[in-house]
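The structure file data-v7.txt is reproduced below (compact mmCIF, C-alpha atoms).
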```txt
# COMPACT_ATOMS: atom_id res chain seq x y z
CA MET O 1 399.05 197.38 116.02
CA PHE O 2 399.86 193.72 115.43
CA SER O 3 396.51 192.61 116.84
CA LYS O 4 394.35 195.21 115.06
CA SER O 5 392.03 194.24 112.22
CA THR O 6 392.80 195.13 108.61
CA GLU O 7 390.01 197.69 108.70
CA GLU O 8 391.43 199.37 111.80
CA LEU O 9 394.90 199.47 110.28
CA ASN O 10 393.59 200.89 107.00
CA GLN O 11 391.93 203.72 108.93
CA LEU O 12 395.31 204.51 110.47
CA GLY O 13 397.10 204.28 107.12
CA ALA O 14 399.27 201.54 108.64
CA GLN O 15 398.08 198.23 107.22
CA ILE O 16 400.99 197.66 104.83
CA THR O 17 403.81 198.65 107.17
CA THR O 18 402.39 196.74 110.13
CA LYS O 19 402.07 193.57 108.07
CA GLU O 20 405.56 193.94 106.63
CA ILE O 21 407.17 194.34 110.05
CA LYS O 22 405.21 191.46 111.56
CA GLN O 23 405.96 188.92 108.81
CA GLN O 24 409.74 189.18 108.98
CA PRO O 25 410.41 186.05 111.09
CA GLU O 26 408.63 183.94 108.46
CA LEU O 27 410.56 185.73 105.70
CA TRP O 28 413.85 184.90 107.40
CA GLN O 29 413.00 181.21 107.25
CA GLU O 30 412.16 181.61 103.58
CA ALA O 31 415.41 183.50 102.92
CA LEU O 32 417.33 180.65 104.59
CA SER O 33 415.53 178.09 102.44
CA ASN O 34 416.26 180.10 99.29
CA PHE O 35 419.94 180.29 100.22
CA GLN O 36 420.14 176.58 100.95
CA GLN O 37 418.75 175.86 97.48
CA GLN O 38 421.40 178.12 95.93
CA ALA O 39 424.30 177.19 98.20
CA ASP O 40 426.13 175.24 95.51
CA ALA O 41 425.79 178.08 93.00
CA VAL O 42 427.07 180.56 95.59
CA SER O 43 430.03 178.34 96.42
CA GLN O 44 430.90 177.92 92.73
CA PHE O 45 430.61 181.66 92.20
CA LEU O 46 432.97 182.48 95.07
CA ASP O 47 435.44 179.83 93.86
CA GLN O 48 435.32 181.47 90.43
CA VAL O 49 436.06 184.86 91.96
CA VAL O 50 439.01 183.56 93.98
CA ALA O 51 440.46 181.77 90.94
CA ALA O 52 440.18 184.90 88.80
CA ALA O 53 441.96 186.94 91.51
CA ASP O 54 445.07 184.77 91.01
CA GLY O 55 446.31 185.07 94.58
CA GLN O 56 445.18 188.62 95.25
CA VAL O 57 442.78 189.38 98.05
CA VAL O 58 439.35 190.26 96.63
CA ARG O 59 437.70 193.49 97.69
CA VAL O 60 434.03 192.93 98.60
CA ILE O 61 432.06 196.19 98.43
CA PHE O 62 428.59 196.17 99.94
CA THR O 63 426.66 199.00 98.32
CA GLY O 64 423.23 200.56 98.21
CA ALA O 65 421.50 203.83 99.03
CA GLY O 66 419.75 204.72 102.28
CA THR O 67 418.55 201.59 104.06
CA SER O 68 420.33 199.44 101.47
CA ALA O 69 423.60 201.17 102.38
CA TYR O 70 422.95 200.59 106.07
CA THR O 71 422.56 196.90 105.31
CA GLY O 72 426.24 196.91 104.40
CA ASP O 73 427.10 198.95 107.48
CA THR O 74 425.43 196.28 109.62
CA VAL O 75 427.05 193.15 108.18
CA THR O 76 430.55 194.47 107.44
CA PRO O 77 432.02 194.59 110.98
CA TYR O 78 430.95 191.02 111.69
CA LEU O 79 432.24 189.68 108.39
CA ASN O 80 435.59 191.36 108.89
CA ALA O 81 435.97 189.04 111.87
CA HIS O 82 434.12 185.96 110.62
CA GLY O 83 434.34 186.03 106.83
CA ASP O 84 437.06 184.40 104.74
CA ARG O 85 439.74 187.04 105.27
CA LYS O 86 442.33 184.93 103.48
CA HIS O 87 440.53 185.67 100.21
CA PHE O 88 438.23 188.65 100.89
CA ARG O 89 438.24 192.05 102.59
CA PHE O 90 434.87 193.62 103.30
CA GLU O 91 433.81 197.24 102.97
CA SER O 92 430.51 199.13 103.03
CA ILE O 93 430.37 202.05 100.56
CA ALA O 94 427.10 203.73 99.63
CA THR O 95 426.15 203.97 95.96
CA THR O 96 425.67 207.69 96.55
CA ASP O 97 429.38 207.94 97.42
CA ILE O 98 430.49 205.79 94.49
CA VAL O 99 428.41 207.72 91.97
CA SER O 100 429.44 211.18 93.17
CA ALA O 101 433.18 210.40 93.49
CA PRO O 102 434.05 207.08 91.84
CA TYR O 103 437.76 207.88 91.78
CA ASP O 104 437.76 207.94 95.60
CA PHE O 105 436.13 204.56 96.08
CA LEU O 106 436.76 202.23 93.12
CA GLU O 107 440.17 200.59 92.61
CA PRO O 108 440.63 199.64 88.94
CA GLU O 109 443.45 197.16 89.58
CA THR O 110 441.93 195.38 92.59
CA PRO O 111 439.79 192.27 92.05
CA THR O 112 436.34 193.23 93.34
CA ILE O 113 432.93 191.81 94.09
CA LEU O 114 430.30 194.54 94.01
CA VAL O 115 427.42 193.39 96.22
CA SER O 116 424.38 195.49 95.36
CA PHE O 117 421.60 195.61 97.95
CA ALA O 118 418.36 196.81 96.38
CA ARG O 119 414.70 196.56 97.25
CA SER O 120 413.47 197.65 93.81
CA GLY O 121 416.72 197.69 91.88
CA ASN O 122 415.54 200.88 90.20
CA SER O 123 417.23 203.63 92.21
CA PRO O 124 419.25 205.82 89.82
CA GLU O 125 422.33 205.65 92.05
CA SER O 126 422.20 201.84 92.25
CA VAL O 127 422.06 201.51 88.48
CA LYS O 128 424.85 204.05 87.97
CA ALA O 129 427.11 202.51 90.63
CA VAL O 130 426.97 199.20 88.75
CA ALA O 131 427.74 200.96 85.46
CA LEU O 132 430.72 202.78 86.98
CA ALA O 133 432.12 199.60 88.50
CA GLU O 134 431.80 197.85 85.15
CA GLN O 135 433.47 200.82 83.49
CA LEU O 136 436.39 201.20 85.89
CA VAL O 137 437.19 197.90 87.63
CA LYS O 138 439.09 195.50 85.39
CA ASN O 139 438.45 192.30 87.38
CA LEU O 140 434.85 192.67 88.53
CA HIS O 141 432.28 190.17 89.73
CA GLN O 142 428.89 191.08 91.11
CA LEU O 143 426.34 189.74 93.57
CA THR O 144 422.92 191.31 93.13
CA ILE O 145 420.86 190.84 96.30
CA THR O 146 417.46 192.25 95.42
CA CYS O 147 413.78 191.85 96.20
CA ALA O 148 412.51 192.64 92.70
CA PRO O 149 413.06 190.16 89.85
CA ASP O 150 411.76 192.73 87.37
CA GLY O 151 413.94 195.58 88.65
CA ASN O 152 416.69 197.15 86.58
CA LEU O 153 419.51 195.50 88.53
CA ALA O 154 418.06 192.00 88.29
CA GLN O 155 417.30 192.43 84.61
CA HIS O 156 420.78 193.81 83.93
CA ALA O 157 422.35 190.72 85.53
CA GLU O 158 420.45 188.24 83.36
CA GLY O 159 422.81 186.11 81.31
CA GLU O 160 425.90 187.61 82.97
CA ALA O 161 428.23 184.81 84.09
CA LYS O 162 430.05 187.16 86.46
CA ASN O 163 426.89 188.50 88.12
CA LEU O 164 424.99 186.17 90.46
CA VAL O 165 421.47 187.25 91.42
CA LEU O 166 420.12 186.22 94.82
CA LEU O 167 416.42 187.04 94.85
CA GLN O 168 414.82 187.63 98.22
CA PRO O 169 411.43 186.26 99.32
CA ALA O 170 408.59 187.88 97.40
CA GLY O 171 407.13 189.24 100.62
CA SER O 172 410.31 191.19 101.30
CA ASN O 173 409.66 193.54 98.37
CA ASP O 174 408.08 196.04 100.75
CA LYS O 175 405.14 197.98 99.37
CA GLY O 176 405.21 200.43 102.27
CA PHE O 177 407.27 203.60 102.22
CA ALA O 178 409.90 202.35 104.65
CA MET O 179 412.11 199.33 104.00
CA THR O 180 411.62 196.70 106.70
CA GLY O 181 411.62 193.08 105.53
CA SER O 182 413.80 194.02 102.57
CA PHE O 183 416.51 195.28 104.94
CA SER O 184 416.49 192.26 107.22
CA CYS O 185 416.29 189.67 104.44
CA MET O 186 419.09 191.23 102.41
CA ALA O 187 421.29 191.48 105.51
CA LEU O 188 420.59 187.85 106.38
CA THR O 189 421.39 186.65 102.86
CA ALA O 190 424.73 188.48 102.86
CA LEU O 191 425.60 186.84 106.16
CA LEU O 192 424.65 183.40 104.87
CA VAL O 193 426.85 183.93 101.81
CA PHE O 194 430.01 185.17 103.51
CA ASP O 195 429.90 183.92 107.13
CA GLN O 196 432.36 181.05 107.56
CA ALA O 197 430.17 179.26 110.09
CA ASP O 198 428.93 175.88 108.89
CA ALA O 199 425.46 175.38 107.42
CA GLU O 200 424.00 173.80 110.55
CA THR O 201 425.23 176.64 112.75
CA LYS O 202 423.80 179.30 110.45
CA ALA O 203 420.44 177.50 110.32
CA GLY O 204 420.49 177.51 114.12
CA TYR O 205 421.09 181.27 114.14
CA VAL O 206 418.08 181.78 111.88
CA ASN O 207 415.87 179.60 114.06
CA THR O 208 416.89 181.65 117.10
CA ILE O 209 416.24 185.04 115.51
CA THR O 210 412.89 183.78 114.21
CA LYS O 211 411.75 183.17 117.78
CA MET O 212 413.18 186.51 118.89
CA GLY O 213 411.35 188.36 116.12
CA GLN O 214 408.09 186.69 117.05
CA GLU O 215 408.72 187.85 120.60
CA VAL O 216 408.84 191.50 119.46
CA VAL O 217 405.35 191.05 118.01
CA ALA O 218 404.07 189.38 121.18
CA ARG O 219 405.56 192.10 123.43
CA GLU O 220 404.29 195.14 121.55
CA ASP O 221 402.83 196.49 124.81
CA PHE O 222 406.34 197.06 126.19
CA ILE O 223 407.20 199.23 123.19
CA GLN O 224 403.84 201.01 123.32
CA ASN O 225 404.58 201.96 126.94
CA LEU O 226 407.72 203.72 125.77
CA VAL O 227 405.91 205.52 122.97
CA ASP O 228 403.27 206.75 125.42
CA GLU O 229 405.93 208.89 127.11
CA ASP O 230 406.19 212.64 126.49
CA PHE O 231 409.25 212.72 124.21
CA ASP O 232 410.41 214.30 120.98
CA ARG O 233 413.93 212.85 120.61
CA ILE O 234 415.33 209.34 120.18
CA ALA O 235 418.95 208.20 120.38
CA TYR O 236 420.17 204.78 119.22
CA LEU O 237 423.56 203.42 120.29
CA GLY O 238 425.47 200.20 119.68
CA SER O 239 428.87 198.70 118.90
CA GLY O 240 430.31 196.75 115.98
CA SER O 241 427.56 195.48 113.69
CA LEU O 242 425.00 196.83 116.13
CA GLY O 243 426.66 200.22 115.81
CA GLY O 244 426.07 199.91 112.07
CA LEU O 245 422.44 199.07 112.79
CA THR O 246 421.85 202.30 114.71
CA ARG O 247 421.69 204.34 111.52
CA GLU O 248 418.90 202.18 110.13
CA ALA O 249 417.06 202.25 113.46
CA GLN O 250 417.02 206.04 113.58
CA LEU O 251 416.12 206.30 109.90
CA LYS O 252 412.91 204.37 110.51
CA VAL O 253 411.83 207.03 113.02
CA LEU O 254 412.71 209.88 110.65
CA GLU O 255 410.89 208.25 107.74
CA LEU O 256 407.72 207.15 109.50
CA THR O 257 407.30 210.41 111.46
CA ALA O 258 408.34 212.61 108.50
CA GLY O 259 411.04 214.14 110.68
CA LYS O 260 408.67 215.27 113.43
CA LEU O 261 410.79 213.39 115.97
CA ALA O 262 414.48 214.25 116.13
CA THR O 263 416.90 211.33 116.07
CA ILE O 264 420.58 210.62 116.46
CA PHE O 265 422.74 207.51 116.17
CA ASP O 266 426.25 206.70 117.30
CA THR O 267 428.48 204.01 118.72
CA SER O 268 428.36 203.41 122.44
CA MET O 269 431.93 204.67 122.81
CA GLY O 270 431.56 207.56 120.37
CA PHE O 271 428.45 209.06 121.95
CA ARG O 272 430.34 210.80 124.75
CA HIS O 273 432.44 212.79 122.31
CA GLY O 274 429.91 215.54 121.65
CA PRO O 275 426.74 213.78 120.40
CA LYS O 276 425.64 213.15 124.00
CA SER O 277 424.71 216.85 124.00
CA PHE O 278 421.58 215.76 122.12
CA VAL O 279 420.07 214.16 125.24
CA ASN O 280 417.55 216.10 127.30
CA ASP O 281 414.55 215.31 129.48
CA ARG O 282 412.41 214.53 126.42
CA THR O 283 414.79 211.94 124.96
CA LEU O 284 414.47 208.16 124.77
CA VAL O 285 417.92 206.52 124.68
CA PHE O 286 418.35 202.95 123.42
CA ASP O 287 421.46 200.78 123.24
CA PHE O 288 421.62 197.51 121.31
CA LEU O 289 423.69 195.38 123.69
CA SER O 290 426.41 193.20 122.20
CA ASN O 291 426.62 189.55 123.22
CA ASN O 292 430.41 189.77 123.13
CA PRO O 293 431.44 190.11 126.80
CA TYR O 294 434.30 192.51 126.06
CA THR O 295 432.28 194.84 123.83
CA ARG O 296 429.23 194.65 126.08
CA GLN O 297 431.19 196.34 128.86
CA TYR O 298 431.31 199.54 126.82
CA ASP O 299 427.61 199.33 125.90
CA VAL O 300 426.63 198.93 129.56
CA ASP O 301 429.07 201.61 130.73
CA VAL O 302 427.52 204.36 128.61
CA MET O 303 424.02 203.34 129.61
CA GLU O 304 424.93 203.46 133.29
CA GLU O 305 426.47 206.87 132.73
CA ILE O 306 423.39 208.30 131.02
CA LYS O 307 421.15 206.77 133.66
CA GLY O 308 423.28 208.31 136.39
CA ASP O 309 423.20 211.70 134.69
CA GLN O 310 419.40 211.71 135.02
CA ILE O 311 419.14 213.72 131.81
CA ALA O 312 416.96 211.43 129.67
CA LYS O 313 413.26 210.58 129.78
CA ARG O 314 413.93 206.82 129.53
CA VAL O 315 417.14 204.81 129.08
CA VAL O 316 416.55 201.30 127.71
CA ALA O 317 418.90 198.49 126.74
CA VAL O 318 417.81 196.03 124.03
CA GLY O 319 419.33 192.57 123.80
CA THR O 320 419.84 189.25 125.57
CA SER O 321 420.49 188.99 129.30
CA GLN O 322 424.08 188.15 130.31
CA ASP O 323 426.16 188.24 133.48
CA ASN O 324 426.83 191.91 132.74
CA ASP O 325 423.44 193.62 132.34
CA PHE O 326 422.37 197.25 132.46
CA SER O 327 421.00 198.04 135.91
CA GLY O 328 418.19 200.13 134.47
CA GLU O 329 415.38 199.28 132.08
CA ASN O 330 415.88 196.42 129.62
CA PHE O 331 414.05 194.78 126.75
CA PHE O 332 415.57 191.33 127.06
CA PHE O 333 414.67 188.63 124.55
CA ALA O 334 413.50 185.60 126.53
CA ASN O 335 414.33 183.52 123.44
CA GLY O 336 417.72 185.13 122.94
CA ASP O 337 420.98 183.21 122.89
CA GLN O 338 424.07 184.57 124.63
CA GLN O 339 426.19 183.06 121.85
CA LEU O 340 424.25 184.66 118.99
CA PRO O 341 426.61 186.84 116.91
CA GLU O 342 425.79 190.53 116.81
CA ALA O 343 425.08 190.66 113.07
CA TYR O 344 422.28 188.11 113.49
CA GLN O 345 421.12 189.78 116.72
CA ALA O 346 420.66 192.91 114.58
CA LEU O 347 417.60 191.46 112.86
CA PRO O 348 415.29 191.04 115.88
CA ASP O 349 416.80 194.26 117.24
CA VAL O 350 415.72 196.14 114.14
CA MET O 351 412.20 194.73 114.51
CA PHE O 352 412.10 196.41 117.92
CA ALA O 353 413.21 199.70 116.30
CA GLN O 354 410.76 199.34 113.40
CA THR O 355 407.89 198.73 115.81
CA LEU O 356 408.83 201.74 117.90
CA ALA O 357 408.92 203.89 114.75
CA LEU O 358 405.55 202.53 113.61
CA LEU O 359 403.88 203.28 116.94
CA SER O 360 405.52 206.71 117.08
CA SER O 361 404.19 207.53 113.62
CA VAL O 362 400.64 206.67 114.67
CA LYS O 363 401.04 208.63 117.91
CA ILE O 364 401.84 211.88 116.11
CA GLY O 365 398.95 211.38 113.68
CA ASN O 366 401.03 210.37 110.67
CA LYS O 367 400.20 207.59 108.21
CA PRO O 368 403.04 205.03 108.29
CA ASP O 369 402.27 203.65 104.82
CA THR O 370 402.50 207.12 103.24
CA PRO O 371 404.38 209.19 105.82
CA SER O 372 405.61 212.06 103.60
CA PRO O 373 402.61 214.41 103.31
CA THR O 374 404.40 216.73 100.87
CA GLY O 375 405.50 213.90 98.58
CA THR O 376 409.01 215.32 98.51
CA VAL O 377 410.47 212.04 99.80
CA ASN O 378 409.55 208.96 97.79
CA ARG O 379 409.63 205.19 98.14
CA VAL O 380 412.03 205.04 95.17
CA VAL O 381 414.15 208.17 94.87
CA LYS O 382 413.17 210.50 92.03
CA GLY O 383 414.67 213.56 90.44
CA VAL O 384 418.31 212.45 90.55
CA ILE O 385 420.36 213.79 87.66
CA ILE O 386 423.00 211.21 86.69
CA HIS O 387 426.06 212.63 84.96
CA ASP O 388 428.47 210.84 82.62
CA TYR O 389 431.90 210.04 83.99
CA ASN O 390 434.82 210.00 81.61
CA ASN O 391 437.98 208.78 83.23
```
In structure tokens, what does this structure look like?
Amino acid sequence: MFSKSTEELNQLGAQITTKEIKQQPELWQEALSNFQQQADAVSQFLDQVVAAADGQVVRVIFTGAGTSAYTGDTVTPYLNAHGDRKHFRFESIATTDIVSAPYDFLEPETPTILVSFARSGNSPESVKAVALAEQLVKNLHQLTITCAPDGNLAQHAEGEAKNLVLLQPAGSNDKGFAMTGSFSCMALTALLVFDQADAETKAGYVNTITKMGQEVVAREDFIQNLVDEDFDRIAYLGSGSLGGLTREAQLKVLELTAGKLATIFDTSMGFRHGPKSFVNDRTLVFDFLSNNPYTRQYDVDVMEEIKGDQIAKRVVAVGTSQDNDFSGENFFFANGDQQLPEAYQALPDVMFAQTLALLSSVKIGNKPDTPSPTGTVNRVVKGVIIHDYNN
């Protein structure tokens, strides 16, 4: 797909999505540059939040709907280990949960930063979640990480001293149905904001994942070989931040194939407890291997078990080679770094998953750019009735 002409891709209904997957490594460099230009403003904002908390630990809620929610799921585990836990505690709560039951998820007396992830900033739940937080939380600051400067969330934040907008690269405002570059750029920006690693280290991480992402493009044939198999099910597994990533990985398959391929996601450890029943001889099983030696043991263990069961069509590990590798089939990044933290590893990993979903969509005769033939699922959710909440 990545080497096809624009005309060929247009005939397949895949020109937009293919381009948006392929360009992500360049977007990550742009997102890093944007952050570096705003680093002082971000630092001042966080200092302002800590001062206003007056000694209390600030609750950081990553929120969004669908892929935007899974962005929070991906970065939260890592930040709970590597963020500033003296001043912040990190949680991922979907806007759909906040809007439907705000009393379960918002704490009026707790200082809070609401971090809104939004491609368009126009989803009804995203807009309402912000309104509810402003209505209920007494000490509220907001970070709006969005790809659309003209979206409702970005416009709402204009002139608000307690709401810092971090716009993503223009190219990340995906025009295709499925979020690709928007997911990875928003996740990267959140990491750059809250990771306690120094600036040089974070820039090094971005340079590494840029090379790894380019490698996915160059090694499309490996992924095509998998897609050429006779399968109708896909399972994604992982641990920590890569466990959070599994939900986004499987969503790409559901979206781009309009549900014609069945998918499941779970943690490497959790998969044995019932969900493993999903696997049969028409299933591709993938595990995003952690670079953490302790955690990696559990990732490799479940892969060896499934391989030994001989119940799946293919069992493939995705990651960087270490001393402890899966004995079966692996997609190892030649440009990977054994020291790369899992939340950053998630970005080239998701490019692998996006590419597999793209190729699967074409295989079944779907159009990746407009994969919902009935129009019942839309790029920006429609038809949501938003109700008033009177507390």
Closest of O:Val127, O:Leu251, O:Ala218, O:Val49 to Ala161 of chain O - atom-to-atom distances counting all atoms listed in the file
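So, comparing all the options, the nearest one is O:Val49.
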From the set O:Asn292, O:Gln339, O:Ser361, O:Thr246, which residue has the shortest atom-to-atom contact distance to Tyr70 of chain O, counting all atoms listed in the file?
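Under the stated criterion, the closest residue is O:Thr246.
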Residue neighbourhood Asn390 of chain O, 10 Å, all atoms listed in the file, exclusion window fewer than 4 positions, as a ChimeraX atom specification:
/O:132,135-136
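With atom CA of Gly55 of chain O on one side and atom CA of His87 of chain O on the other, the separation reads 8.1 Å.
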Applying 8 Å and only C-alpha atoms, which residues near segment 104-115 of chain O remain after dropping the ones on its own chain fewer than 5 positions away? List them as a compact mmCIF listing (two decimals) with C-alpha atoms, keeping the file's coordinate frame.
```txt
# COMPACT_ATOMS: atom_id res chain seq x y z
CA VAL O 49 436.06 184.86 91.96
CA ALA O 53 441.96 186.94 91.51
CA GLN O 56 445.18 188.62 95.25
CA VAL O 57 442.78 189.38 98.05
CA VAL O 58 439.35 190.26 96.63
CA ARG O 59 437.70 193.49 97.69
CA VAL O 60 434.03 192.93 98.60
CA ILE O 61 432.06 196.19 98.43
CA PHE O 62 428.59 196.17 99.94
CA THR O 63 426.66 199.00 98.32
CA ILE O 93 430.37 202.05 100.56
CA ASP O 97 429.38 207.94 97.42
CA ILE O 98 430.49 205.79 94.49
CA VAL O 130 426.97 199.20 88.75
CA ALA O 133 432.12 199.60 88.50
CA LEU O 136 436.39 201.20 85.89
CA VAL O 137 437.19 197.90 87.63
CA LYS O 138 439.09 195.50 85.39
CA ASN O 139 438.45 192.30 87.38
CA LEU O 140 434.85 192.67 88.53
CA HIS O 141 432.28 190.17 89.73
CA GLN O 142 428.89 191.08 91.11
CA LEU O 143 426.34 189.74 93.57
CA THR O 144 422.92 191.31 93.13
CA ILE O 145 420.86 190.84 96.30
```
For atom CA of Lys260 of chain O and atom CA of Lys19 of chain O, determine how far apart the two atoms are, in Å to one decimal place.
23.3 Å
Check the smallest atom-to-atom distance from each of O:Thr208, O:Thr283, O:Ser172, O:Gln224 to Asn335 of chain O using all atoms listed in the file, then report the winner.
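The closest residue to Asn335 of chain O is O:Thr208.
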Between O:Leu153, O:Ala41, O:Val206, O:Met212, which has the minimum distance to Val350 of chain O (counting all atoms listed in the file)?
O:Met212
For each of O:Ser321, O:Ser100, O:Gln214, O:Thr17, take the minimum atom-to-atom distance to His387 of chain O, counting all atoms listed in the file, then give the residue where this is smallest.
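Looking at the shortest contact to His387 of chain O, the residue is O:Ser100.
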Coordinates-based distance that separates atom CA of Ala262 of chain O from atom CA of Asn280 of chain O (Å, one decimal):
11.7 Å
Segment 2-62 of chain O near segment 351-359 of chain O within 10 Å: what's each residue's closest atom pair and its distance in Å to one decimal, counting only C-alpha atoms, ordered by chain then ascending residue number, as JSON lines?
```
{"residue": "O:Phe2", "atom": "CA", "partner": "O:Thr355", "partner_atom": "CA", "distance": 9.5}
{"residue": "O:Ala14", "atom": "CA", "partner": "O:Leu358", "partner_atom": "CA", "distance": 8.1}
{"residue": "O:Thr17", "atom": "CA", "partner": "O:Leu358", "partner_atom": "CA", "distance": 7.7}
{"residue": "O:Thr18", "atom": "CA", "partner": "O:Leu358", "partner_atom": "CA", "distance": 7.5}
{"residue": "O:Ile21", "atom": "CA", "partner": "O:Met351", "partner_atom": "CA", "distance": 6.7}
{"residue": "O:Lys22", "atom": "CA", "partner": "O:Met351", "partner_atom": "CA", "distance": 8.3}
{"residue": "O:Gln24", "atom": "CA", "partner": "O:Met351", "partner_atom": "CA", "distance": 8.2}
{"residue": "O:Pro25", "atom": "CA", "partner": "O:Met351", "partner_atom": "CA", "distance": 9.5}
```
Just want the 12 Å neighbourhood of segment 225-232 of chain O, counted on all atoms listed in the file, with same-chain residues fewer than 4 positions away dropped. Output as a VMD selection string.
chain O and resid 219 to 221 253 to 254 257 259 to 264 278 to 286 312 to 316 329 to 331 352 to 353 355 to 364
Would you save the residues from that selection as a PDB file, in the coordinates of the input, using C-alpha atoms?
```pdb
ATOM      1  CA  ARG O 219     405.560 192.100 123.430  1.00  0.00           C
ATOM      2  CA  GLU O 220     404.290 195.140 121.550  1.00  0.00           C
ATOM      3  CA  ASP O 221     402.830 196.490 124.810  1.00  0.00           C
ATOM      4  CA  VAL O 253     411.830 207.030 113.020  1.00  0.00           C
ATOM      5  CA  LEU O 254     412.710 209.880 110.650  1.00  0.00           C
ATOM      6  CA  THR O 257     407.300 210.410 111.460  1.00  0.00           C
ATOM      7  CA  GLY O 259     411.040 214.140 110.680  1.00  0.00           C
ATOM      8  CA  LYS O 260     408.670 215.270 113.430  1.00  0.00           C
ATOM      9  CA  LEU O 261     410.790 213.390 115.970  1.00  0.00           C
ATOM     10  CA  ALA O 262     414.480 214.250 116.130  1.00  0.00           C
ATOM     11  CA  THR O 263     416.900 211.330 116.070  1.00  0.00           C
ATOM     12  CA  ILE O 264     420.580 210.620 116.460  1.00  0.00           C
ATOM     13  CA  PHE O 278     421.580 215.760 122.120  1.00  0.00           C
ATOM     14  CA  VAL O 279     420.070 214.160 125.240  1.00  0.00           C
ATOM     15  CA  ASN O 280     417.550 216.100 127.300  1.00  0.00           C
ATOM     16  CA  ASP O 281     414.550 215.310 129.480  1.00  0.00           C
ATOM     17  CA  ARG O 282     412.410 214.530 126.420  1.00  0.00           C
ATOM     18  CA  THR O 283     414.790 211.940 124.960  1.00  0.00           C
ATOM     19  CA  LEU O 284     414.470 208.160 124.770  1.00  0.00           C
ATOM     20  CA  VAL O 285     417.920 206.520 124.680  1.00  0.00           C
ATOM     21  CA  PHE O 286     418.350 202.950 123.420  1.00  0.00           C
ATOM     22  CA  ALA O 312     416.960 211.430 129.670  1.00  0.00           C
ATOM     23  CA  LYS O 313     413.260 210.580 129.780  1.00  0.00           C
ATOM     24  CA  ARG O 314     413.930 206.820 129.530  1.00  0.00           C
ATOM     25  CA  VAL O 315     417.140 204.810 129.080  1.00  0.00           C
ATOM     26  CA  VAL O 316     416.550 201.300 127.710  1.00  0.00           C
ATOM     27  CA  GLU O 329     415.380 199.280 132.080  1.00  0.00           C
ATOM     28  CA  ASN O 330     415.880 196.420 129.620  1.00  0.00           C
ATOM     29  CA  PHE O 331     414.050 194.780 126.750  1.00  0.00           C
ATOM     30  CA  PHE O 352     412.100 196.410 117.920  1.00  0.00           C
ATOM     31  CA  ALA O 353     413.210 199.700 116.300  1.00  0.00           C
ATOM     32  CA  THR O 355     407.890 198.730 115.810  1.00  0.00           C
ATOM     33  CA  LEU O 356     408.830 201.740 117.900  1.00  0.00           C
ATOM     34  CA  ALA O 357     408.920 203.890 114.750  1.00  0.00           C
ATOM     35  CA  LEU O 358     405.550 202.530 113.610  1.00  0.00           C
ATOM     36  CA  LEU O 359     403.880 203.280 116.940  1.00  0.00           C
ATOM     37  CA  SER O 360     405.520 206.710 117.080  1.00  0.00           C
ATOM     38  CA  SER O 361     404.190 207.530 113.620  1.00  0.00           C
ATOM     39  CA  VAL O 362     400.640 206.670 114.670  1.00  0.00           C
ATOM     40  CA  LYS O 363     401.040 208.630 117.910  1.00  0.00           C
ATOM     41  CA  ILE O 364     401.840 211.880 116.110  1.00  0.00           C
TER      42      ILE O 364
END
```
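For the residues O:Leu79, O:Leu32, O:Met269, O:Val318, ranking by smallest atom-to-atom distance to Gln196 of chain O using only C-alpha atoms places O:Leu79 first.
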Give, as JSON, the centre coordinates and the x, y and z edge lengths in Å to one decimal for an axis-aligned box around all listed atoms of segment 150-167 of chain O, padded by 4 Å on each side.
```
{"center_x": 420.9, "center_y": 191.0, "center_z": 88.1, "size_x": 26.3, "size_y": 20.3, "size_z": 21.5}
```
Write segment 213-220 of chain O as a short mmCIF file (atom, residue, chain, number, x, y, z; two decimals), keeping the file's coordinate frame, completed to N, CA and C atoms.
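Written output follows (rebuild15.cif):
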```
data_model
loop_
_atom_site.label_atom_id
_atom_site.label_comp_id
_atom_site.auth_asym_id
_atom_site.auth_seq_id
_atom_site.Cartn_x
_atom_site.Cartn_y
_atom_site.Cartn_z
N GLY O 213 412.20 187.43 116.86
CA GLY O 213 411.35 188.36 116.12
C GLY O 213 409.89 188.18 116.48
N GLN O 214 409.48 186.95 116.64
CA GLN O 214 408.09 186.69 117.05
C GLN O 214 407.83 187.26 118.44
N GLU O 215 408.85 187.29 119.25
CA GLU O 215 408.72 187.85 120.60
C GLU O 215 408.47 189.36 120.55
N VAL O 216 409.10 190.06 119.61
CA VAL O 216 408.84 191.50 119.46
C VAL O 216 407.34 191.73 119.21
N VAL O 217 406.78 190.94 118.32
CA VAL O 217 405.35 191.05 118.01
C VAL O 217 404.51 190.80 119.26
N ALA O 218 404.85 189.75 120.01
CA ALA O 218 404.07 189.38 121.18
C ALA O 218 404.20 190.40 122.31
N ARG O 219 405.31 191.16 122.32
CA ARG O 219 405.56 192.10 123.43
C ARG O 219 405.42 193.55 122.98
N GLU O 220 404.53 193.78 122.05
CA GLU O 220 404.29 195.14 121.55
C GLU O 220 403.93 196.10 122.68
#
```
